[in-house]
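Chemist: Here you go, this is query-v1.pdb (PDB, C-alpha atoms).
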ATOM      1  CA  LEU A 248      45.481 -73.809  43.561
ATOM      2  CA  ALA A 249      43.674 -77.105  44.089
ATOM      3  CA  LEU A 250      43.808 -76.624  47.872
ATOM      4  CA  LEU A 251      42.238 -73.194  47.594
ATOM      5  CA  LYS A 252      39.533 -74.551  45.319
ATOM      6  CA  ARG A 253      38.688 -77.264  47.882
ATOM      7  CA  GLN A 254      38.616 -74.737  50.718
ATOM      8  CA  VAL A 255      36.162 -72.583  48.798
ATOM      9  CA  ALA A 256      34.025 -75.631  48.021
ATOM     10  CA  THR A 257      33.810 -76.604  51.699
ATOM     11  CA  ARG A 258      32.517 -73.145  52.545
ATOM     12  CA  GLU A 259      29.667 -73.757  50.133
ATOM     13  CA  ILE A 260      28.299 -76.760  52.067
ATOM     14  CA  LYS A 261      24.590 -76.300  52.573
ATOM     15  CA  PRO A 262      23.559 -75.607  56.188
ATOM     16  CA  GLY A 263      22.141 -78.633  57.954
ATOM     17  CA  LYS A 264      24.111 -81.094  55.828
ATOM     18  CA  SER A 265      25.484 -84.101  57.707
ATOM     19  CA  VAL A 266      27.231 -87.393  57.008
ATOM     20  CA  GLN A 267      27.760 -90.623  58.926
ATOM     21  CA  LYS A 268      31.318 -90.670  60.294
ATOM     22  CA  TRP A 269      31.937 -94.329  59.403
ATOM     23  CA  LYS A 270      30.744 -93.773  55.832
ATOM     24  CA  VAL A 271      33.384 -91.059  55.510
ATOM     25  CA  PHE A 272      35.987 -93.481  56.840
ATOM     26  CA  ARG A 273      34.942 -96.280  54.456
ATOM     27  CA  ASP A 274      34.925 -93.914  51.491
ATOM     28  CA  ALA A 275      38.350 -92.511  52.431
ATOM     29  CA  SER A 276      39.701 -96.061  52.832
ATOM     30  CA  GLU A 277      38.418 -97.107  49.417
ATOM     31  CA  ALA A 278      39.831 -93.977  47.755
ATOM     32  CA  ARG A 279      43.085 -94.054  49.749
ATOM     33  CA  GLU A 280      45.402 -94.224  46.747
ATOM     34  CA  ALA A 281      43.543 -91.586  44.748
ATOM     35  CA  LEU A 282      43.557 -89.247  47.754
ATOM     36  CA  GLY A 283      47.206 -89.949  48.492
ATOM     37  CA  PHE A 284      46.530 -91.231  52.030
ATOM     38  CA  GLU A 285      48.996 -93.477  53.798
ATOM     39  CA  SER A 286      47.669 -96.345  55.903
ATOM     40  CA  SER A 287      48.964 -94.540  59.001
ATOM     41  CA  SER A 288      46.789 -91.527  58.118
ATOM     42  CA  LEU A 289      43.752 -93.787  57.976
ATOM     43  CA  ALA A 290      44.681 -95.246  61.360
ATOM     44  CA  VAL A 291      44.753 -91.729  62.848
ATOM     45  CA  LEU A 292      41.425 -90.870  61.213
ATOM     46  CA  ASP A 293      39.947 -94.099  62.606
ATOM     47  CA  ALA A 294      41.138 -93.211  66.117
ATOM     48  CA  LEU A 295      39.787 -89.652  65.903
ATOM     49  CA  LEU A 296      36.412 -90.830  64.636
ATOM     50  CA  SER A 297      36.259 -93.479  67.363
ATOM     51  CA  PHE A 298      36.553 -90.812  70.047
ATOM     52  CA  TYR A 299      34.108 -88.406  68.417
ATOM     53  CA  PRO A 300      30.942 -88.908  70.493
ATOM     54  CA  GLU A 301      28.310 -88.508  67.783
ATOM     55  CA  ASN A 302      27.692 -90.761  64.794
ATOM     56  CA  GLU A 303      27.008 -87.856  62.434
ATOM     57  CA  LEU A 304      29.419 -85.153  61.339
ATOM     58  CA  ARG A 305      27.636 -81.832  60.833
ATOM     59  CA  GLN A 306      28.926 -78.507  59.588
ATOM     60  CA  GLU A 307      27.620 -76.596  62.601
ATOM     61  CA  ALA A 308      28.935 -79.127  65.160
ATOM     62  CA  GLN A 309      32.130 -78.772  67.151
ATOM     63  CA  LEU A 310      34.383 -81.276  65.367
ATOM     64  CA  VAL A 311      36.940 -81.364  68.170
ATOM     65  CA  VAL A 312      38.202 -84.619  69.705
ATOM     66  CA  PHE A 313      40.026 -84.573  73.048
TER      67      PHE A 313
END
Starting from the coordinates I provided, produce the structure as structure tokens.
Modeler:
Amino acid sequence: LALLKRQVATREIKPGKSVQKWKVFRDASEAREALGFESSSLAVLDALLSFYPENELRQEAQLVVF
């Protein structure tokens, strides 16, 4: 039920909203235990963000890393 609630909440993100990718990483690192992240998950997130070409993550952007 919590997963569904989060999915609905992400659909309600206001258009044009963006966030700095490294701020997301820092926040996720600080809240690692509360979010249930393993250090290996943060390492993967770090790698993916490193290869993402832009500094901002936007809802309308293609958030695909090759």
Chemist: With the PyMOL selection byres ((chain A and resi 305) around 12) as the selection, what would be picked from this file? Answer as number ranges by chain, please.
Modeler: A: 260-268, 299, 301-304, 306-311
Chemist: Mind pulling up the distance from atom CA of Pro300 of chain A to atom CA of Val271 of chain A?
Modeler: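 Taking atom CA of Val271 of chain A and atom CA of Pro300 of chain A, their separation equals 15.3 Å.
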Chemist: Is it possible to get the axis-aligned box enclosing segment 293-300 of chain A (all listed atoms, 3 Å extra per side) as JSON, with centre and edge lengths in Å rounded to one decimal?
Modeler:
{"center_x": 36.0, "center_y": -91.3, "center_z": 66.5, "size_x": 16.2, "size_y": 11.7, "size_z": 13.9}
Chemist: Quick one: pull the distance between atom CA of Leu289 of chain A and atom CA of Asp274 of chain A, Å, one decimal.
Modeler: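 About the pair atom CA of Leu289 of chain A and atom CA of Asp274 of chain A: they are 11.0 Å apart.
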Chemist: To one decimal in Å, tell me the separation between atom CA of Arg273 of chain A and atom CA of Leu248 of chain A.
Modeler: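 Pair atom CA of Arg273 of chain A / atom CA of Leu248 of chain A returns 27.1 Å.
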